[in-house]
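The data block below is final.txt; it holds compact mmCIF, C-alpha atoms (C1' of nucleotides).
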```
# COMPACT_ATOMS: atom_id res chain seq x y z
CA MET M 1 -30.00 227.63 -164.76
CA GLY M 2 -33.16 227.00 -166.74
CA LYS M 3 -36.66 227.16 -165.35
CA SER M 4 -37.45 224.73 -162.60
CA ASN M 5 -40.63 223.09 -163.80
CA ALA M 6 -42.03 219.97 -162.26
CA LYS M 7 -41.04 217.60 -165.04
CA ASP M 8 -37.40 218.59 -164.91
CA ARG M 9 -37.28 218.52 -161.12
CA ILE M 10 -38.70 215.00 -161.15
CA LEU M 11 -36.20 213.77 -163.71
CA ASP M 12 -33.26 215.42 -161.98
CA THR M 13 -34.23 214.04 -158.60
CA ALA M 14 -34.93 210.58 -159.95
CA SER M 15 -31.61 210.56 -161.76
CA ARG M 16 -29.77 211.34 -158.59
CA LEU M 17 -31.63 208.75 -156.53
CA PHE M 18 -31.62 205.99 -159.15
CA HIS M 19 -27.91 206.36 -159.58
CA LYS M 20 -27.15 206.48 -155.89
CA LYS M 21 -29.41 203.72 -154.58
CA GLY M 22 -30.39 201.67 -157.61
CA TYR M 23 -33.65 201.67 -159.53
CA SER M 24 -35.46 199.11 -157.42
CA GLU M 25 -34.58 200.79 -154.15
CA VAL M 26 -36.22 204.11 -155.00
CA GLY M 27 -39.98 204.68 -154.82
CA ILE M 28 -42.23 207.23 -156.43
CA ASN M 29 -43.06 208.68 -153.05
CA GLU M 30 -39.44 209.43 -152.26
CA ILE M 31 -38.91 210.97 -155.67
CA ILE M 32 -41.85 213.38 -155.50
CA GLU M 33 -41.08 214.29 -151.93
CA LYS M 34 -37.48 215.25 -152.70
CA ALA M 35 -38.51 216.88 -155.97
CA GLU M 36 -41.02 218.92 -153.99
CA THR M 37 -43.89 218.05 -156.25
CA ALA M 38 -47.15 216.10 -156.06
CA LYS M 39 -47.94 212.59 -157.14
CA ALA M 40 -50.57 213.83 -159.58
CA SER M 41 -47.94 216.02 -161.19
CA PHE M 42 -45.66 213.03 -161.56
CA TYR M 43 -48.25 210.93 -163.33
CA ALA M 44 -49.17 213.89 -165.51
CA HIS M 45 -45.67 213.78 -167.01
CA TYR M 46 -44.68 210.12 -166.77
CA PRO M 47 -47.07 207.22 -167.27
CA SER M 48 -45.16 204.90 -164.94
CA LYS M 49 -42.02 204.41 -162.91
CA GLU M 50 -40.55 202.32 -165.71
CA ALA M 51 -41.10 205.16 -168.16
CA LEU M 52 -39.23 207.46 -165.79
CA CYS M 53 -36.40 204.95 -165.71
CA GLU M 54 -36.23 204.93 -169.48
CA ALA M 55 -36.20 208.72 -169.55
CA TRP M 56 -33.35 208.72 -167.05
CA LEU M 57 -31.29 206.22 -169.03
CA SER M 58 -31.97 208.20 -172.20
CA THR M 59 -30.52 211.39 -170.76
CA VAL M 60 -27.47 209.52 -169.49
CA HIS M 61 -26.94 207.96 -172.88
CA GLU M 62 -27.37 211.21 -174.75
CA LYS M 63 -24.87 213.12 -172.65
CA SER M 64 -22.25 210.39 -172.68
CA GLU M 65 -22.74 209.68 -176.37
CA ASN M 66 -22.08 213.31 -177.28
CA HIS M 67 -18.98 213.26 -175.13
CA ARG M 68 -17.66 210.16 -176.89
CA THR M 69 -18.37 211.58 -180.32
CA ASP M 70 -16.33 214.65 -179.43
CA ILE M 71 -13.44 212.50 -178.30
CA VAL M 72 -13.45 210.39 -181.46
CA LYS M 73 -13.42 213.52 -183.62
CA SER M 74 -10.75 215.35 -181.66
CA PRO M 75 -7.29 215.68 -183.24
CA ILE M 76 -5.30 214.23 -180.34
CA LYS M 77 -3.58 210.86 -180.49
CA PRO M 78 -5.63 207.69 -179.87
CA ALA M 79 -3.66 206.79 -176.75
CA GLU M 80 -4.37 210.23 -175.35
CA LYS M 81 -8.07 209.76 -176.09
CA LEU M 82 -8.09 206.64 -173.99
CA ASP M 83 -6.17 208.39 -171.26
CA ASN M 84 -8.74 211.17 -171.19
CA TYR M 85 -11.70 208.82 -171.21
CA PHE M 86 -10.41 206.69 -168.36
CA GLY M 87 -9.55 209.91 -166.56
CA ASP M 88 -13.18 210.93 -166.93
CA LEU M 89 -14.22 207.61 -165.42
CA GLU M 90 -11.88 208.21 -162.53
CA SER M 91 -13.46 211.57 -161.81
CA PHE M 92 -16.93 210.12 -162.21
CA MET M 93 -16.32 207.34 -159.72
CA ASN M 94 -14.74 209.67 -157.21
CA ASN M 95 -17.62 212.11 -157.49
CA SER M 96 -20.37 209.51 -157.19
CA GLN M 97 -19.24 207.71 -154.05
CA PHE M 98 -18.19 204.76 -156.22
CA ARG M 99 -21.52 204.07 -157.79
CA GLY M 100 -20.76 202.77 -161.24
CA CYS M 101 -22.57 202.28 -164.53
CA PRO M 102 -26.29 203.10 -164.29
CA TYR M 103 -27.02 200.63 -167.06
CA SER M 104 -25.24 197.68 -165.52
CA ASN M 105 -26.72 198.46 -162.14
CA THR M 106 -30.21 198.63 -163.57
CA GLY M 107 -29.72 195.47 -165.59
CA ALA M 108 -28.62 193.64 -162.46
CA VAL M 109 -32.20 193.93 -161.22
CA SER M 110 -34.25 192.66 -164.07
CA ASP M 111 -35.49 189.29 -165.20
CA GLY M 112 -36.28 190.68 -168.63
CA SER M 113 -39.84 191.80 -168.02
CA CYS M 114 -39.27 195.32 -169.31
CA SER M 115 -37.84 195.04 -172.80
CA GLY M 116 -37.56 198.81 -173.23
CA ILE M 117 -35.02 199.07 -170.44
CA LEU M 118 -33.12 195.97 -171.58
CA ASN M 119 -32.86 197.33 -175.11
CA GLN M 120 -31.50 200.63 -173.84
CA ILE M 121 -28.86 198.78 -171.83
CA GLN M 122 -27.74 196.79 -174.83
CA ASP M 123 -27.72 199.81 -177.12
CA HIS M 124 -25.66 201.82 -174.68
CA LYS M 125 -23.13 199.05 -174.12
CA GLU M 126 -22.78 198.41 -177.82
CA SER M 127 -22.25 202.13 -178.33
CA ILE M 128 -19.35 202.20 -175.88
CA ARG M 129 -17.89 199.11 -177.52
CA GLN M 130 -17.98 200.81 -180.91
CA PHE M 131 -16.40 203.92 -179.37
CA PHE M 132 -13.33 201.98 -178.31
CA ARG M 133 -13.22 200.21 -181.64
CA ALA M 134 -13.32 203.55 -183.45
CA ILE M 135 -10.37 204.85 -181.47
CA CYS M 136 -8.40 201.69 -182.21
CA GLN M 137 -9.23 202.01 -185.91
CA GLN M 138 -7.39 205.35 -185.79
CA GLN M 139 -4.31 203.64 -184.42
CA PHE M 140 -3.98 200.33 -186.24
CA ASP M 141 -3.73 199.47 -189.91
CA ASP M 142 -5.43 196.10 -189.62
CA PRO M 143 -9.17 196.69 -189.00
CA ASN M 144 -9.67 193.24 -187.49
CA HIS M 145 -6.83 193.79 -185.07
CA ALA M 146 -8.24 197.20 -184.17
CA ASP M 147 -11.65 195.72 -183.38
CA ALA M 148 -10.09 192.98 -181.28
CA ILE M 149 -8.10 195.46 -179.21
CA GLY M 150 -11.11 197.74 -178.92
CA ASP M 151 -13.17 194.91 -177.48
CA ARG M 152 -10.50 194.17 -174.90
CA ILE M 153 -10.37 197.79 -173.83
CA PHE M 154 -14.15 197.78 -173.58
CA LEU M 155 -13.99 194.85 -171.17
CA LEU M 156 -11.25 196.53 -169.13
CA TYR M 157 -13.41 199.63 -168.92
CA SER M 158 -16.45 197.65 -167.81
CA GLY M 159 -14.47 195.64 -165.29
CA ALA M 160 -12.89 198.77 -163.86
CA THR M 161 -16.30 200.38 -163.40
CA THR M 162 -17.82 197.30 -161.80
CA GLU M 163 -14.99 196.58 -159.41
CA ALA M 164 -14.40 200.17 -158.38
CA GLN M 165 -18.02 200.11 -157.25
CA ASN M 166 -17.72 196.76 -155.51
CA LEU M 167 -14.44 197.51 -153.78
CA LYS M 168 -15.20 201.18 -153.18
CA ASN M 169 -11.74 201.94 -154.48
CA ILE M 170 -10.28 203.67 -157.50
CA TRP M 171 -7.42 201.27 -158.23
CA PRO M 172 -9.36 199.26 -160.84
CA VAL M 173 -9.74 202.39 -162.94
CA THR M 174 -6.07 203.24 -162.59
CA VAL M 175 -5.05 199.73 -163.61
CA ALA M 176 -7.43 199.63 -166.56
CA ARG M 177 -6.25 203.04 -167.73
CA GLN M 178 -2.64 201.95 -167.88
CA ALA M 179 -3.54 198.61 -169.47
CA ALA M 180 -5.63 200.29 -172.17
CA ILE M 181 -2.86 202.70 -173.07
CA GLU M 182 -0.38 199.85 -173.34
CA LEU M 183 -2.79 197.83 -175.45
CA ILE M 184 -3.14 200.61 -178.02
CA SER M 185 0.56 201.49 -177.96
CA ASN M 186 1.94 198.06 -178.87
CA MET L 1 -28.73 163.23 -152.73
CA GLY L 2 -28.93 164.16 -149.07
CA LYS L 3 -32.13 164.55 -147.08
CA SER L 4 -34.41 167.33 -148.14
CA ASN L 5 -34.93 169.25 -144.95
CA ALA L 6 -36.60 172.64 -144.85
CA LYS L 7 -33.46 174.66 -144.26
CA ASP L 8 -31.70 173.24 -147.29
CA ARG L 9 -34.76 173.54 -149.49
CA ILE L 10 -35.09 177.20 -148.53
CA LEU L 11 -31.44 177.95 -149.24
CA ASP L 12 -31.47 176.07 -152.53
CA THR L 13 -34.63 177.79 -153.70
CA ALA L 14 -33.45 181.21 -152.58
CA SER L 15 -30.12 180.70 -154.32
CA ARG L 16 -31.85 179.92 -157.58
CA LEU L 17 -34.25 182.86 -157.34
CA PHE L 18 -31.73 185.42 -156.07
CA HIS L 19 -29.37 184.56 -158.87
CA LYS L 20 -32.02 184.59 -161.56
CA LYS L 21 -34.00 187.70 -160.59
CA GLY L 22 -31.75 189.63 -158.23
CA TYR L 23 -31.96 189.89 -154.46
CA SER L 24 -34.36 192.80 -154.30
CA GLU L 25 -36.81 191.26 -156.73
CA VAL L 26 -37.45 188.12 -154.70
CA GLY L 27 -39.71 188.04 -151.66
CA ILE L 28 -39.95 185.69 -148.72
CA ASN L 29 -43.39 184.57 -149.82
CA GLU L 30 -42.15 183.47 -153.21
CA ILE L 31 -39.24 181.61 -151.66
CA ILE L 32 -41.28 179.60 -149.17
CA GLU L 33 -43.94 178.85 -151.76
CA LYS L 34 -41.46 177.40 -154.24
CA ALA L 35 -39.51 175.69 -151.47
CA GLU L 36 -42.80 174.12 -150.35
CA THR L 37 -42.36 175.17 -146.77
CA ALA L 38 -44.05 177.48 -144.29
CA LYS L 39 -43.17 180.99 -143.24
CA ALA L 40 -42.72 179.91 -139.63
CA SER L 41 -40.22 177.30 -140.80
CA PHE L 42 -38.30 179.97 -142.65
CA TYR L 43 -37.98 182.24 -139.65
CA ALA L 44 -37.05 179.27 -137.49
CA HIS L 45 -33.90 178.86 -139.58
CA TYR L 46 -33.09 182.37 -140.76
CA PRO L 47 -33.63 185.51 -138.69
CA SER L 48 -34.23 187.73 -141.70
CA LYS L 49 -34.12 187.98 -145.46
CA GLU L 50 -30.75 189.68 -145.25
CA ALA L 51 -29.37 186.76 -143.24
CA LEU L 52 -30.58 184.43 -145.97
CA CYS L 53 -28.79 186.56 -148.51
CA GLU L 54 -25.57 186.30 -146.55
CA ALA L 55 -25.99 182.53 -146.29
CA TRP L 56 -26.49 182.37 -150.04
CA LEU L 57 -23.40 184.42 -150.78
CA SER L 58 -21.41 182.33 -148.32
CA THR L 59 -22.21 179.09 -150.11
CA VAL L 60 -21.36 180.65 -153.46
CA HIS L 61 -18.06 181.87 -152.09
CA GLU L 62 -17.17 178.57 -150.49
CA LYS L 63 -17.79 176.51 -153.60
CA SER L 64 -15.97 178.88 -155.92
CA GLU L 65 -13.10 179.38 -153.49
CA ASN L 66 -12.46 175.65 -153.28
CA HIS L 67 -12.53 175.45 -157.04
CA ARG L 68 -9.95 178.21 -157.36
CA THR L 69 -7.69 176.66 -154.75
CA ASP L 70 -7.70 173.42 -156.72
CA ILE L 71 -6.76 175.26 -159.87
CA VAL L 72 -3.89 177.12 -158.25
CA LYS L 73 -2.49 173.86 -156.85
CA SER L 74 -2.89 171.86 -160.03
CA PRO L 75 0.28 170.98 -161.96
CA ILE L 76 -0.84 172.37 -165.32
CA LYS L 77 0.68 175.45 -166.89
CA PRO L 78 -0.55 178.89 -165.78
CA ALA L 79 -1.91 179.74 -169.20
CA GLU L 80 -3.90 176.53 -169.16
CA LYS L 81 -5.28 177.41 -165.72
CA LEU L 82 -6.60 180.66 -167.09
CA ASP L 83 -8.03 178.87 -170.10
CA ASN L 84 -9.86 176.45 -167.83
CA TYR L 85 -11.16 179.15 -165.52
CA PHE L 86 -12.53 181.29 -168.34
CA GLY L 87 -13.95 178.12 -169.84
CA ASP L 88 -15.80 177.55 -166.58
CA LEU L 89 -17.17 181.08 -166.78
CA GLU L 90 -18.34 180.40 -170.30
CA SER L 91 -20.25 177.32 -169.17
CA PHE L 92 -21.63 179.16 -166.19
CA MET L 93 -23.00 182.03 -168.27
CA ASN L 94 -24.51 179.68 -170.82
CA ASN L 95 -26.18 177.63 -168.12
CA SER L 96 -27.59 180.58 -166.21
CA GLN L 97 -29.35 182.44 -169.02
CA PHE L 98 -26.60 185.05 -168.88
CA ARG L 99 -27.04 186.07 -165.30
CA GLY L 100 -23.58 187.02 -164.09
CA CYS L 101 -21.81 187.51 -160.78
CA PRO L 102 -24.16 187.20 -157.78
CA TYR L 103 -21.94 189.55 -155.78
CA SER L 104 -21.86 192.33 -158.32
CA ASN L 105 -25.58 191.98 -158.95
CA THR L 106 -26.34 192.16 -155.24
CA GLY L 107 -23.99 195.08 -154.75
CA ALA L 108 -25.73 196.97 -157.52
CA VAL L 109 -28.75 197.22 -155.24
CA SER L 110 -27.37 198.57 -152.05
CA ASP L 111 -26.69 201.96 -150.60
CA GLY L 112 -24.48 200.45 -147.93
CA SER L 113 -27.09 199.84 -145.27
CA CYS L 114 -26.16 196.19 -144.78
CA SER L 115 -22.47 196.04 -144.01
CA GLY L 116 -22.43 192.24 -143.77
CA ILE L 117 -23.36 191.87 -147.40
CA LEU L 118 -20.98 194.61 -148.53
CA ASN L 119 -18.10 192.99 -146.69
CA GLN L 120 -18.82 189.64 -148.30
CA ILE L 121 -18.80 191.26 -151.72
CA GLN L 122 -15.44 192.88 -151.10
CA ASP L 123 -13.93 189.72 -149.62
CA HIS L 124 -15.08 187.66 -152.56
CA LYS L 125 -13.78 190.10 -155.13
CA GLU L 126 -10.45 190.44 -153.40
CA SER L 127 -10.22 186.65 -153.30
CA ILE L 128 -10.67 186.39 -157.05
CA ARG L 129 -8.10 189.13 -157.55
CA GLN L 130 -5.57 187.22 -155.46
CA PHE L 131 -6.38 184.05 -157.41
CA PHE L 132 -5.32 185.65 -160.67
CA ARG L 133 -2.28 187.14 -159.02
CA ALA L 134 -1.26 183.73 -157.69
CA ILE L 135 -1.46 182.21 -161.15
CA CYS L 136 0.65 185.02 -162.56
CA GLN L 137 3.20 184.55 -159.80
CA GLN L 138 3.69 181.02 -161.15
CA GLN L 139 4.47 182.41 -164.57
CA PHE L 140 6.59 185.51 -164.07
CA ASP L 141 9.87 186.08 -162.27
CA ASP L 142 9.11 189.64 -161.26
CA PRO L 143 6.46 189.59 -158.47
CA ASN L 144 5.40 193.16 -159.15
CA HIS L 145 4.89 192.42 -162.80
CA ALA L 146 2.93 189.31 -161.91
CA ASP L 147 0.60 191.26 -159.65
CA ALA L 148 0.08 193.91 -162.29
CA ILE L 149 -0.85 191.35 -164.93
CA GLY L 150 -3.06 189.50 -162.45
CA ASP L 151 -5.01 192.67 -161.77
CA ARG L 152 -5.56 193.23 -165.46
CA ILE L 153 -6.85 189.71 -165.92
CA PHE L 154 -9.13 190.24 -162.94
CA LEU L 155 -10.64 193.27 -164.63
CA LEU L 156 -11.04 191.40 -167.91
CA TYR L 157 -12.80 188.64 -166.03
CA SER L 158 -15.13 191.05 -164.30
CA GLY L 159 -15.87 192.97 -167.49
CA ALA L 160 -16.59 189.76 -169.37
CA THR L 161 -19.04 188.64 -166.71
CA THR L 162 -20.79 192.00 -166.56
CA GLU L 163 -21.12 192.51 -170.29
CA ALA L 164 -22.11 188.95 -171.10
CA GLN L 165 -25.02 189.57 -168.76
CA ASN L 166 -25.86 192.96 -170.21
CA LEU L 167 -25.57 191.92 -173.84
CA LYS L 168 -26.98 188.43 -173.29
CA ASN L 169 -24.10 187.14 -175.37
CA ILE L 170 -21.03 185.01 -174.76
CA TRP L 171 -18.55 186.97 -176.86
CA PRO L 172 -17.18 189.03 -173.94
CA VAL L 173 -16.07 185.84 -172.23
CA THR L 174 -14.46 184.55 -175.41
CA VAL L 175 -12.59 187.81 -175.92
CA ALA L 176 -11.46 188.02 -172.30
CA ARG L 177 -10.31 184.41 -172.37
CA GLN L 178 -8.04 185.01 -175.35
CA ALA L 179 -6.78 188.32 -173.95
CA ALA L 180 -5.93 186.75 -170.60
CA ILE L 181 -3.97 183.93 -172.22
CA GLU L 182 -2.01 186.40 -174.29
CA LEU L 183 -1.32 188.56 -171.24
CA ILE L 184 0.21 185.69 -169.34
CA SER L 185 2.10 184.34 -172.36
CA ASN L 186 4.05 187.49 -173.21
C1' DC D 1 -63.46 239.25 -166.08
C1' DG D 2 -63.65 234.28 -167.62
C1' DC D 3 -61.07 230.39 -169.53
C1' DT D 4 -57.37 227.18 -169.84
C1' DT D 5 -53.32 225.05 -168.36
C1' DT D 6 -50.33 223.57 -164.94
C1' DA D 7 -49.15 222.37 -160.52
C1' DC D 8 -50.39 221.70 -156.00
C1' DA D 9 -52.15 218.57 -151.70
C1' DG D 10 -53.32 214.39 -150.27
C1' DA D 11 -56.87 210.66 -149.63
C1' DC D 12 -57.63 206.23 -151.36
C1' DA D 13 -57.43 201.44 -153.47
C1' DG D 14 -55.38 197.24 -154.00
C1' DA D 15 -51.48 194.76 -153.94
C1' DC D 16 -47.26 193.31 -151.86
C1' DC D 17 -43.63 193.37 -148.31
C1' DT D 18 -41.28 191.49 -143.92
C1' DG D 19 -41.86 189.54 -139.79
C1' DT D 20 -44.86 187.61 -135.71
C1' DC D 21 -48.07 184.77 -133.98
C1' DT D 22 -51.30 180.72 -132.84
C1' DG D 23 -52.19 176.30 -133.35
C1' DT D 24 -51.79 171.61 -135.67
C1' DT D 25 -49.39 167.74 -137.49
C1' DT D 26 -45.63 164.69 -138.13
C1' DA D 27 -41.42 162.31 -136.96
C1' DT D 28 -38.04 160.74 -133.78
C1' DA D 29 -36.17 159.03 -129.59
C1' DT D 30 -36.50 157.09 -125.31
C1' DA S 1 -46.45 154.96 -125.36
C1' DT S 2 -45.06 159.33 -124.50
C1' DA S 3 -42.17 163.31 -124.63
C1' DT S 4 -39.75 166.41 -127.56
C1' DA S 5 -38.46 168.65 -131.60
C1' DA S 6 -39.33 170.02 -136.08
C1' DA S 7 -42.24 171.32 -139.81
C1' DC S 8 -46.59 172.38 -141.15
C1' DA S 9 -50.70 175.95 -142.44
C1' DG S 10 -52.03 180.33 -142.47
C1' DA S 11 -54.05 184.51 -140.19
C1' DC S 12 -52.46 188.89 -138.85
C1' DA S 13 -50.01 193.39 -138.09
C1' DG S 14 -47.89 197.26 -139.75
C1' DG S 15 -45.74 199.19 -143.30
C1' DT S 16 -44.62 200.35 -148.33
C1' DC S 17 -45.47 200.09 -153.10
C1' DT S 18 -47.58 201.90 -157.62
C1' DG S 19 -51.13 204.17 -159.53
C1' DT S 20 -55.91 206.70 -159.45
C1' DC S 21 -58.80 209.96 -157.88
C1' DT S 22 -60.95 214.46 -156.17
C1' DG S 23 -60.44 218.93 -155.41
C1' DT S 24 -57.86 223.47 -154.99
C1' DA S 25 -54.61 227.20 -156.07
C1' DA S 26 -52.00 229.96 -159.19
C1' DA S 27 -50.59 231.90 -163.45
C1' DG S 28 -51.15 233.38 -168.39
C1' DC S 29 -54.18 235.30 -171.83
C1' DG S 30 -58.26 236.71 -174.53
```

I'd like the structure from this file rewritten - as structure tokens, please.
Amino acid sequence: MGKSNAKDRILDTASRLFHKKGYSEVGINEIIEKAETAKASFYAHYPSKEALCEAWLSTVHEKSENHRTDIVKSPIKPAEKLDNYFGDLESFMNNSQFRGCPYSNTGAVSDGSCSGILNQIQDHKESIRQFFRAICQQQFDDPNHADAIGDRIFLLYSGATTEAQNLKNIWPVTVARQAAIELISN
Amino acid sequence: MGKSNAKDRILDTASRLFHKKGYSEVGINEIIEKAETAKASFYAHYPSKEALCEAWLSTVHEKSENHRTDIVKSPIKPAEKLDNYFGDLESFMNNSQFRGCPYSNTGAVSDGSCSGILNQIQDHKESIRQFFRAICQQQFDDPNHADAIGDRIFLLYSGATTEAQNLKNIWPVTVARQAAIELISN
DNA sequence: CGCTTTACAGACAGACCTGTCTGTTTATAT
DNA sequence: ATATAAACAGACAGGTCTGTCTGTAAAGCG
């Protein structure tokens, strides 16, 4: 465990609350109370609530992006990479009381006023799309076919995340996992 | 055009605003102002904002459910039914500035405090799932296989809706449409 | 010791939120 | 014409929101 300074406590607490309840349902007051810090300390480190949201999404992106890079580089078979990645999603959903993608959930509450957040959402989604395409490129000879299959797996992944949250059930992830493996194996 | 009474004006205005900005980003004051009615009139017809949300989701469900029933009963081929339904989604996304499923967007902002809304979300999603399963039952001999393919198409549909919203682009719907047709044709 | 940095506590402003209330106006039906 | 129902306008209460402000306490360092 590293030091527990105010800035980190705020970000950790906000991450937990934003993910669990949704960005718009969490207030600064709740964050600083549960982070056991003061409002002045919050505004000393973050200029606004939106900036905190961007910092949160950045950390999520960074962690998950590193994880995906590792998977792409690993020597296992492409189908096994998909199996592992959907397995990770299964664990994630089970461990988060079926709260799904932080980016989609944040984008669901936005009319486009904050372009910084919208850009992060699009960058993150495009990054996941390219991840699936990269795996498919390792499997198929035809690059166009690989991209097409990668896009389909991306949509299965997104749909599984969304509907596992809506239905509070893991079956969408299980179904998508099997479908993705079949897609890349045929 | 029917009469323009206050109750209908409120529901119509709220539907437009909830869909465009998200439930949590729209207030009663904005609704009654744009519906050109008074706050007392609002609370004469709806006991709370949450009740208005449920009324909104109910109308969305009713309309879309009737549409799906018509499609299932129609004499065209299953693959053509899917093509039509994804075509409808394409039009819907284009006409709504890429705001996607009202149910998923509402569910993204909820920690489970309002069970009425959560139940409507789950009922609606399960209804769409059964719609795709019913179409697949018309195509395949094996009922288990039909259900399995129906579930995959359901996830493609959900993922296409989610990511078209996130990416502000129609390609996810186009990809899902083609993938669904291939799934039911093989 | 004095100086600086960081974090603390919490009052405050100004705006917005839902929901209640009083009272007035309009339309309809008898 | 008169009674009844519906819609109107809008003040108000009580709470929450983000963000600013003043002031204090503690720790590191010369």

Hey, can you pull every residue with an atom no more than 7 Å from (-17.4, 203.5, -155.7), using all atoms listed in the file, and send it as a ChimeraX atom specification? /M:93-94,96-100,164-169

Taking C-alpha atoms for each residue, export the selection above as a short mmCIF file (atom, residue, chain, number, x, y, z; two decimals), in the coordinates of the input.
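Result file is result33.cif:
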```cif
data_model
loop_
_atom_site.label_atom_id
_atom_site.label_comp_id
_atom_site.auth_asym_id
_atom_site.auth_seq_id
_atom_site.Cartn_x
_atom_site.Cartn_y
_atom_site.Cartn_z
CA MET M 93 -16.32 207.34 -159.72
CA ASN M 94 -14.74 209.67 -157.21
CA SER M 96 -20.37 209.51 -157.19
CA GLN M 97 -19.24 207.71 -154.05
CA PHE M 98 -18.19 204.76 -156.22
CA ARG M 99 -21.52 204.07 -157.79
CA GLY M 100 -20.76 202.77 -161.24
CA ALA M 164 -14.40 200.17 -158.38
CA GLN M 165 -18.02 200.11 -157.25
CA ASN M 166 -17.72 196.76 -155.51
CA LEU M 167 -14.44 197.51 -153.78
CA LYS M 168 -15.20 201.18 -153.18
CA ASN M 169 -11.74 201.94 -154.48
#
```

Chain M contacts on chain L, all atoms listed in the file, 10 Å, as a short mmCIF file (atom, residue, chain, number, x, y, z; two decimals) with C-alpha atoms, keeping the file's coordinate frame:
```cif
data_model
loop_
_atom_site.label_atom_id
_atom_site.label_comp_id
_atom_site.auth_asym_id
_atom_site.auth_seq_id
_atom_site.Cartn_x
_atom_site.Cartn_y
_atom_site.Cartn_z
CA PHE L 18 -31.73 185.42 -156.07
CA HIS L 19 -29.37 184.56 -158.87
CA LYS L 20 -32.02 184.59 -161.56
CA LYS L 21 -34.00 187.70 -160.59
CA GLY L 22 -31.75 189.63 -158.23
CA TYR L 23 -31.96 189.89 -154.46
CA SER L 24 -34.36 192.80 -154.30
CA GLU L 25 -36.81 191.26 -156.73
CA GLN L 97 -29.35 182.44 -169.02
CA ARG L 99 -27.04 186.07 -165.30
CA GLY L 100 -23.58 187.02 -164.09
CA CYS L 101 -21.81 187.51 -160.78
CA PRO L 102 -24.16 187.20 -157.78
CA TYR L 103 -21.94 189.55 -155.78
CA SER L 104 -21.86 192.33 -158.32
CA ASN L 105 -25.58 191.98 -158.95
CA THR L 106 -26.34 192.16 -155.24
CA GLY L 107 -23.99 195.08 -154.75
CA ALA L 108 -25.73 196.97 -157.52
CA VAL L 109 -28.75 197.22 -155.24
CA SER L 110 -27.37 198.57 -152.05
CA ASP L 111 -26.69 201.96 -150.60
CA GLY L 112 -24.48 200.45 -147.93
CA LEU L 118 -20.98 194.61 -148.53
CA ASN L 119 -18.10 192.99 -146.69
CA ILE L 121 -18.80 191.26 -151.72
CA GLN L 122 -15.44 192.88 -151.10
CA ASP L 123 -13.93 189.72 -149.62
CA HIS L 124 -15.08 187.66 -152.56
CA LYS L 125 -13.78 190.10 -155.13
CA GLU L 126 -10.45 190.44 -153.40
CA ALA L 148 0.08 193.91 -162.29
CA ILE L 149 -0.85 191.35 -164.93
CA ASP L 151 -5.01 192.67 -161.77
CA ARG L 152 -5.56 193.23 -165.46
CA ILE L 153 -6.85 189.71 -165.92
CA PHE L 154 -9.13 190.24 -162.94
CA LEU L 155 -10.64 193.27 -164.63
CA LEU L 156 -11.04 191.40 -167.91
CA TYR L 157 -12.80 188.64 -166.03
CA SER L 158 -15.13 191.05 -164.30
CA GLY L 159 -15.87 192.97 -167.49
CA ALA L 160 -16.59 189.76 -169.37
CA THR L 161 -19.04 188.64 -166.71
CA THR L 162 -20.79 192.00 -166.56
CA GLU L 163 -21.12 192.51 -170.29
CA GLN L 165 -25.02 189.57 -168.76
CA ASN L 166 -25.86 192.96 -170.21
CA LEU L 167 -25.57 191.92 -173.84
CA LYS L 168 -26.98 188.43 -173.29
CA TRP L 171 -18.55 186.97 -176.86
CA PRO L 172 -17.18 189.03 -173.94
CA VAL L 173 -16.07 185.84 -172.23
CA VAL L 175 -12.59 187.81 -175.92
CA ALA L 176 -11.46 188.02 -172.30
CA GLN L 178 -8.04 185.01 -175.35
CA ALA L 179 -6.78 188.32 -173.95
CA ALA L 180 -5.93 186.75 -170.60
#
```

Give me, as a list of chain:residue names, the contact residues of chain L against chain S at a cut-off of 9 Å, counting only C-alpha atoms (C1' of nucleotides). L:Ala6, L:Thr37, L:Ala38, L:Lys39, L:Ala40, L:Ser41

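Picture a line from atom CA of L:Arg9 to atom CA of L:Ala35; it runs 5.6 Å.
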
Which of M:Ile28, M:Cys53, M:Cys114, M:Ile184 sits closest to M:His145 [using all atoms listed in the file]: M:Ile184

If the cut-off is 9 Å, can you tell me the residues of chain D near chain L, counting only C-alpha atoms (C1' of nucleotides)? I'd like them as number ranges by chain. D: 17-20

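Across the structure, atom CA of L:Leu17 and atom CA of L:Ser127 are spaced 24.7 Å apart.
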
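Taking all atoms listed in the file into account, D:DA9 lies nearest to M:Glu33 out of the set M:Glu33, M:Asp8, M:Glu62, M:Glu54.
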
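Between atom CA of L:Pro78 and atom CA of L:Ile135 the separation is 5.8 Å.
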
Residues near stretch 64-66 of chain M, anyone? I mean within 10 Å using only C-alpha atoms (C1' of nucleotides), not counting same-chain ones fewer than 4 positions away, as a VMD selection string. chain M and resid 58 to 60 70 to 71 124 127 to 128 131

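Using all atoms listed in the file, the residues found no farther than 7 Å from L:Cys136, other than those of its own chain fewer than 4 positions away, are Phe132, Phe140, Ala146, Asp147, Ile149, Gly150 and Ile184 of chain L.
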